[in-house]
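K.L.:
One structure, as structure tokens, below. Some questions next.
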Amino acid sequence: MSASPSLNLHLEEVESLSGSIRRLRFVNAAAALLPAAAPGAHLTLRLPGARRMLQRSYSLIGPPGQRQWYDIAVKNDVRSRGGSAFLHAARPGLQLQASWPRSDFAPVATARKHLLIAGGVGLTPFLSYLQRFRATGQDYELHHCVRQSDVAAFGRWLDCDERVHLHCATPRASLELDGLLARQPLGTHLYVCGPDDLMADAVNAALGAGWPLRSIHSESFGAAAGDAFTVRLARSGEELRVAEHQSLLDCLEDSGRTPSSLCRGGVCGVCVTEVLDGEPEHRDHYLSEAERASGRRIMICVSRARSQRLVLDL
Amino acid sequence: MATLSSSQPVYRSLQADPLGCTHLLIAQALSATDALTCAEQMVPLQARLSIWTLGGIAPPVPDVAVTGFADAASLLQALHGYLQAAPMGLRLYAIGAEPMLCRIAAQAAAFDLLPPALQLQQAGAARRRVYGLCCRQWTETTTAGRVTCGSCGSALDVRDHFSRRLAAYMGVLARSAHDGSDGRQMECSG
């Protein structure tokens, strides 16, 4: 995984937030304070899987900076690759290893306003944002696209706040992105987290309204699904099949390899890999436009292949 | 500028950015040649462009209204109001002398408007805005190296360090040939 130090965590408390979302509270197994985390920080947990240890990242939803415990919210995804299913079966007393919290998605300190757009459980990194913004009096506006059945799950964080707007219709007819992005005042920063289509629509609406790239921030965890393709590992000559709901990184780990990775969300750049042949489908937020256009590098945690086969320098 | 530190503003020839949705060009004391060159660059933005001038020749972009300002203070005051109401798709272009560009850049930065959404081009005679640490006042100068503080008359050495907040280069009391002291620690003489 990474060179970052690890933590031994003890699952202290579990709470059902809705039929499919549960909150888990971890404390330090060594009965000591935990490292402080910035708004939007995530924790990478090491979870036992069927064939190997899984690494799954979850946003911390507690108040930024507090060190008594870490709270995460996990949705039980029917397409779970093992992480959410395990955590939905977990009981207090469980011991887990985790990375130190890491923040690649912190709000920009110089912003005059923060515009947050979330889809489903993609709201979780923003829960710590909101606590920080309310404490410091920063201007913000949150739009949450959420199923009616999950509205109550995050009520304690969102209720009684006129700057929070819920969009429960499917498709999301009530969230008119073009108009929303076009009317934002100078100095606004956009943060979007959720399903790929929501993220792409929000980013495209911002670009269409003339937003500079530096004001647009997005984060995607575990949204690496797409058409299946074959990856050939040039150094060994081995070929692997990357399934529709499997990331390239997961596929490599399932085969017993341990490629370098950290955020697993296309942000940190640790898993960048050389492409020798084939056309990557870039989904990361790390590579430059020139690197994307060259097609010679890929972030294997989130990106996939446009071509039937991808040859990597592995 | 002969040497550049990371704090110094970056100047380049203005280029229309079609990705923006609203465009404001501020032109200060342009010559006819500079105005014409600038207009050629801005023509593609015609329908979405506003031009503000402070003296000199206005860039002749067809069908674009020009608002003239009598002095820098009234232009900067109007700019503050404009930025408060402006949307995220704004592109701000400024061409003129460095002291004015610095003040525009500082105001834009307060609204988080930074390059590449902000473009600055130096034009006209070289001028520099200096913040004197002697009495904490600004002085504009046309000379390089040592300048005289316009407020207290002290000799100032101009450092390459540029303060975005103060929109000026730092001027420290000139090192005395006799005491060898650091000018930043000397008391104001005026």
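By order of appearance in the structure tokens: chains A, B, ..., then residues from 1 within every chain, and ligands from 1 in the order shown.
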Show me, as a VMD selection string, the residues that have an atom within 7 Å of A:Gln68 when counting only C-alpha atoms, minus same-chain residues fewer than 5 positions from it.

P.N.:
chain A and resid 27 33 to 34

K.L.:
What would the file look like if the residues just selected were written as a PDB file, in the first residue's frame with N, CA, C and O atoms?

P.N.:
ATOM      1  N   VAL A  27     -12.308   3.845  17.749  1.00  0.00           N
ATOM      2  CA  VAL A  27     -11.392   4.535  18.660  1.00  0.00           C
ATOM      3  C   VAL A  27     -10.029   3.865  18.527  1.00  0.00           C
ATOM      4  O   VAL A  27      -9.895   2.797  17.916  1.00  0.00           O
ATOM      5  N   LEU A  33      -5.108   9.128  22.011  1.00  0.00           N
ATOM      6  CA  LEU A  33      -5.771  10.010  21.053  1.00  0.00           C
ATOM      7  C   LEU A  33      -5.389   9.613  19.633  1.00  0.00           C
ATOM      8  O   LEU A  33      -4.294   9.094  19.383  1.00  0.00           O
ATOM      9  N   LEU A  34      -6.288   9.902  18.692  1.00  0.00           N
ATOM     10  CA  LEU A  34      -6.038   9.617  17.280  1.00  0.00           C
ATOM     11  C   LEU A  34      -5.436  10.841  16.601  1.00  0.00           C
ATOM     12  O   LEU A  34      -5.571  11.962  17.103  1.00  0.00           O
TER      13      LEU A  34
END

K.L.:
Starting from chain A, keep only residues with some atom at most 12 Å from an atom of chain B, counting only C-alpha atoms, and report them as a PyMOL selection string.

P.N.:
chain A and resi 108-113+115+179-190+205-216

K.L.:
So which residues of stretch 52-88 of chain B fall under helix (DSSP H, G or I) by DSSP, listed as a PyMOL selection string?

P.N.:
chain B and resi 72-85

K.L.:
Can I get the selection written as an mmCIF file, in the first residue's frame, with N, CA, C and O atoms?

P.N.:
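Written output follows (again29.cif):
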data_model
loop_
_atom_site.group_PDB
_atom_site.id
_atom_site.type_symbol
_atom_site.label_atom_id
_atom_site.label_comp_id
_atom_site.auth_asym_id
_atom_site.auth_seq_id
_atom_site.Cartn_x
_atom_site.Cartn_y
_atom_site.Cartn_z
ATOM 1 N N ALA B 72 -7.618 56.800 -10.897
ATOM 2 C CA ALA B 72 -7.459 55.406 -10.492
ATOM 3 C C ALA B 72 -8.408 55.037 -9.357
ATOM 4 O O ALA B 72 -8.962 53.936 -9.332
ATOM 5 N N ALA B 73 -8.611 55.964 -8.431
ATOM 6 C CA ALA B 73 -9.449 55.653 -7.268
ATOM 7 C C ALA B 73 -10.876 55.326 -7.696
ATOM 8 O O ALA B 73 -11.479 54.364 -7.197
ATOM 9 N N SER B 74 -11.428 56.110 -8.615
ATOM 10 C CA SER B 74 -12.816 55.853 -9.023
ATOM 11 C C SER B 74 -12.902 54.562 -9.829
ATOM 12 O O SER B 74 -13.880 53.807 -9.724
ATOM 13 N N LEU B 75 -11.875 54.263 -10.621
ATOM 14 C CA LEU B 75 -11.881 52.995 -11.367
ATOM 15 C C LEU B 75 -11.819 51.807 -10.411
ATOM 16 O O LEU B 75 -12.584 50.840 -10.550
ATOM 17 N N LEU B 76 -10.944 51.896 -9.432
ATOM 18 C CA LEU B 76 -10.800 50.770 -8.496
ATOM 19 C C LEU B 76 -12.058 50.589 -7.645
ATOM 20 O O LEU B 76 -12.437 49.462 -7.313
ATOM 21 N N GLN B 77 -12.697 51.700 -7.329
ATOM 22 C CA GLN B 77 -13.946 51.597 -6.562
ATOM 23 C C GLN B 77 -15.027 50.914 -7.398
ATOM 24 O O GLN B 77 -15.754 50.045 -6.912
ATOM 25 N N ALA B 78 -15.094 51.302 -8.662
ATOM 26 C CA ALA B 78 -16.066 50.667 -9.559
ATOM 27 C C ALA B 78 -15.733 49.194 -9.756
ATOM 28 O O ALA B 78 -16.629 48.335 -9.824
ATOM 29 N N LEU B 79 -14.447 48.884 -9.832
ATOM 30 C CA LEU B 79 -14.037 47.487 -10.014
ATOM 31 C C LEU B 79 -14.461 46.639 -8.819
ATOM 32 O O LEU B 79 -14.918 45.503 -8.983
ATOM 33 N N HIS B 80 -14.330 47.190 -7.637
ATOM 34 C CA HIS B 80 -14.727 46.438 -6.445
ATOM 35 C C HIS B 80 -16.212 46.059 -6.530
ATOM 36 O O HIS B 80 -16.583 44.910 -6.285
ATOM 37 N N GLY B 81 -17.037 47.028 -6.891
ATOM 38 C CA GLY B 81 -18.470 46.752 -7.026
ATOM 39 C C GLY B 81 -18.756 45.748 -8.133
ATOM 40 O O GLY B 81 -19.605 44.866 -7.987
ATOM 41 N N TYR B 82 -18.001 45.872 -9.222
ATOM 42 C CA TYR B 82 -18.193 44.963 -10.364
ATOM 43 C C TYR B 82 -17.853 43.529 -9.950
ATOM 44 O O TYR B 82 -18.598 42.591 -10.256
ATOM 45 N N LEU B 83 -16.745 43.364 -9.262
ATOM 46 C CA LEU B 83 -16.315 42.014 -8.860
ATOM 47 C C LEU B 83 -17.285 41.401 -7.856
ATOM 48 O O LEU B 83 -17.500 40.188 -7.844
ATOM 49 N N GLN B 84 -17.861 42.244 -7.015
ATOM 50 C CA GLN B 84 -18.828 41.727 -6.029
ATOM 51 C C GLN B 84 -20.039 41.105 -6.715
ATOM 52 O O GLN B 84 -20.621 40.156 -6.204
ATOM 53 N N ALA B 85 -20.405 41.639 -7.862
ATOM 54 C CA ALA B 85 -21.603 41.155 -8.556
ATOM 55 C C ALA B 85 -21.278 40.180 -9.679
ATOM 56 O O ALA B 85 -22.189 39.613 -10.278
#

K.L.:
Write out as a PyMOL selection string which residues come within 10 Å of stretch 165-172 of chain B when counting only C-alpha atoms, dropping same-chain ones fewer than 2 positions away.

P.N.:
chain B and resi 7-9+98-107+109-110+128-134+136-140+145-149+154-163+174-175+182-186

K.L.:
Which distance in Å separates atom CA of B:Leu25 and atom CA of B:Leu49, to one decimal?

P.N.:
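Between atom CA of B:Leu25 and atom CA of B:Leu49 the gap works out to 7.3 Å.
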
K.L.:
Output as an NGL selection string all residues of stretch 65-271 of chain A that backbone DSSP marks as strand (DSSP E or B).

P.N.:
:A and (70-75 or 95-99 or 102 or 113-119 or 140-145 or 164-167 or 185 or 188-193 or 216-219 or 229-233 or 238-242)

K.L.:
With N, CA and C atoms retained, could you export that selection as a short mmCIF file (atom, residue, chain, number, x, y, z; two decimals), in the first residue's frame?

P.N.:
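So the final result, stored in result06.cif, reads:
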data_model
loop_
_atom_site.label_atom_id
_atom_site.label_comp_id
_atom_site.auth_asym_id
_atom_site.auth_seq_id
_atom_site.Cartn_x
_atom_site.Cartn_y
_atom_site.Cartn_z
N TYR A 70 -13.11 8.25 15.35
CA TYR A 70 -13.38 8.46 13.94
C TYR A 70 -14.73 7.86 13.62
N ASP A 71 -15.61 8.64 12.99
CA ASP A 71 -16.88 8.13 12.50
C ASP A 71 -16.84 8.02 10.98
N ILE A 72 -17.37 6.92 10.46
CA ILE A 72 -17.56 6.81 9.01
C ILE A 72 -19.00 6.37 8.76
N ALA A 73 -19.51 6.65 7.57
CA ALA A 73 -20.84 6.17 7.18
C ALA A 73 -20.67 5.28 5.96
N VAL A 74 -21.25 4.10 6.00
CA VAL A 74 -21.04 3.12 4.93
C VAL A 74 -22.39 2.65 4.40
N LYS A 75 -22.53 2.71 3.08
CA LYS A 75 -23.76 2.21 2.45
C LYS A 75 -23.54 0.77 2.04
N GLN A 95 -11.41 -5.40 15.68
CA GLN A 95 -10.15 -4.65 15.58
C GLN A 95 -9.75 -4.61 14.10
N LEU A 96 -9.35 -3.41 13.65
CA LEU A 96 -8.95 -3.24 12.25
C LEU A 96 -7.69 -2.39 12.17
N GLN A 97 -6.98 -2.58 11.08
CA GLN A 97 -5.87 -1.68 10.79
C GLN A 97 -6.32 -0.62 9.79
N ALA A 98 -5.77 0.57 9.93
CA ALA A 98 -6.14 1.65 9.01
C ALA A 98 -4.94 2.55 8.79
N SER A 99 -5.01 3.28 7.69
CA SER A 99 -4.00 4.30 7.46
C SER A 99 -4.28 5.50 8.36
N ARG A 102 -6.09 10.97 5.67
CA ARG A 102 -5.41 11.74 4.64
C ARG A 102 -6.45 12.62 3.96
N LYS A 113 -16.94 31.41 -1.27
CA LYS A 113 -18.13 30.59 -1.09
C LYS A 113 -17.79 29.17 -1.51
N HIS A 114 -18.42 28.19 -0.86
CA HIS A 114 -18.20 26.79 -1.20
C HIS A 114 -19.52 26.22 -1.72
N LEU A 115 -19.51 25.71 -2.94
CA LEU A 115 -20.70 25.07 -3.52
C LEU A 115 -20.46 23.56 -3.53
N LEU A 116 -21.29 22.84 -2.79
CA LEU A 116 -21.10 21.40 -2.62
C LEU A 116 -22.23 20.67 -3.36
N ILE A 117 -21.86 19.71 -4.19
CA ILE A 117 -22.86 18.89 -4.89
C ILE A 117 -22.53 17.43 -4.60
N ALA A 118 -23.50 16.73 -4.01
CA ALA A 118 -23.26 15.34 -3.60
C ALA A 118 -24.35 14.44 -4.17
N GLY A 119 -23.97 13.22 -4.46
CA GLY A 119 -24.92 12.20 -4.87
C GLY A 119 -24.86 11.05 -3.90
N TYR A 140 -21.60 28.82 2.25
CA TYR A 140 -21.67 27.56 1.52
C TYR A 140 -23.09 27.31 1.03
N GLU A 141 -23.21 26.38 0.12
CA GLU A 141 -24.51 25.94 -0.41
C GLU A 141 -24.34 24.47 -0.78
N LEU A 142 -25.22 23.63 -0.27
CA LEU A 142 -25.10 22.19 -0.52
C LEU A 142 -26.33 21.68 -1.28
N HIS A 143 -26.08 20.92 -2.32
CA HIS A 143 -27.14 20.24 -3.06
C HIS A 143 -26.89 18.75 -2.96
N HIS A 144 -27.86 18.02 -2.41
CA HIS A 144 -27.69 16.58 -2.20
C HIS A 144 -28.74 15.82 -2.99
N CYS A 145 -28.29 15.05 -3.96
CA CYS A 145 -29.19 14.17 -4.71
C CYS A 145 -29.27 12.84 -3.96
N VAL A 164 -29.00 24.08 2.68
CA VAL A 164 -28.97 22.69 2.22
C VAL A 164 -30.21 22.42 1.37
N HIS A 165 -30.00 21.88 0.17
CA HIS A 165 -31.10 21.60 -0.75
C HIS A 165 -31.07 20.12 -1.11
N LEU A 166 -32.20 19.44 -0.86
CA LEU A 166 -32.28 18.01 -1.19
C LEU A 166 -33.00 17.82 -2.51
N HIS A 167 -32.51 16.89 -3.31
CA HIS A 167 -33.11 16.59 -4.61
C HIS A 167 -33.39 15.09 -4.64
N PRO A 185 -21.32 33.41 -7.44
CA PRO A 185 -20.48 34.62 -7.42
C PRO A 185 -18.99 34.30 -7.54
N THR A 188 -16.21 31.53 -5.80
CA THR A 188 -16.82 30.28 -5.37
C THR A 188 -15.94 29.10 -5.80
N HIS A 189 -15.87 28.08 -4.97
CA HIS A 189 -15.23 26.83 -5.36
C HIS A 189 -16.28 25.72 -5.36
N LEU A 190 -16.22 24.89 -6.37
CA LEU A 190 -17.16 23.77 -6.51
C LEU A 190 -16.50 22.48 -6.04
N TYR A 191 -17.24 21.71 -5.25
CA TYR A 191 -16.78 20.38 -4.80
C TYR A 191 -17.90 19.41 -5.14
N VAL A 192 -17.55 18.33 -5.81
CA VAL A 192 -18.60 17.37 -6.18
C VAL A 192 -18.12 15.96 -5.87
N CYS A 193 -19.01 15.18 -5.29
CA CYS A 193 -18.68 13.81 -4.93
C CYS A 193 -19.94 12.96 -5.09
N ILE A 216 -12.59 23.96 -9.46
CA ILE A 216 -13.44 22.76 -9.56
C ILE A 216 -12.72 21.59 -8.90
N HIS A 217 -13.39 20.94 -7.95
CA HIS A 217 -12.77 19.84 -7.20
C HIS A 217 -13.75 18.68 -7.15
N SER A 218 -13.27 17.48 -7.38
CA SER A 218 -14.17 16.34 -7.33
C SER A 218 -13.46 15.14 -6.72
N GLU A 219 -14.26 14.28 -6.13
CA GLU A 219 -13.69 13.08 -5.51
C GLU A 219 -14.62 11.90 -5.77
N PHE A 229 -12.48 -5.27 -19.76
CA PHE A 229 -11.37 -5.22 -20.74
C PHE A 229 -10.24 -6.10 -20.24
N THR A 230 -9.25 -6.28 -21.11
CA THR A 230 -8.11 -7.13 -20.76
C THR A 230 -6.89 -6.27 -20.50
N VAL A 231 -6.15 -6.60 -19.45
CA VAL A 231 -4.90 -5.89 -19.20
C VAL A 231 -3.75 -6.90 -19.34
N ARG A 232 -2.74 -6.50 -20.12
CA ARG A 232 -1.56 -7.34 -20.27
C ARG A 232 -0.43 -6.71 -19.49
N LEU A 233 0.24 -7.51 -18.68
CA LEU A 233 1.35 -7.03 -17.86
C LEU A 233 2.64 -7.34 -18.62
N GLU A 238 1.72 -11.80 -18.59
CA GLU A 238 0.43 -12.33 -18.14
C GLU A 238 -0.72 -11.41 -18.56
N GLU A 239 -1.87 -12.00 -18.85
CA GLU A 239 -3.06 -11.22 -19.18
C GLU A 239 -4.13 -11.47 -18.14
N LEU A 240 -4.81 -10.38 -17.73
CA LEU A 240 -5.88 -10.48 -16.74
C LEU A 240 -7.13 -9.83 -17.31
N ARG A 241 -8.29 -10.30 -16.86
CA ARG A 241 -9.56 -9.73 -17.31
C ARG A 241 -10.09 -8.83 -16.20
N VAL A 242 -10.31 -7.55 -16.52
CA VAL A 242 -10.88 -6.61 -15.55
C VAL A 242 -12.39 -6.61 -15.75
#

K.L.:
Which residues are near B:Gln122? Cut-off 12 Å, only C-alpha atoms, ignore same chain within fewer than 2 positions. Put them as a VMD selection string.

P.N.:
chain B and resid 1 9 to 14 26 to 30 34 38 93 to 102 119 to 120 124 to 128
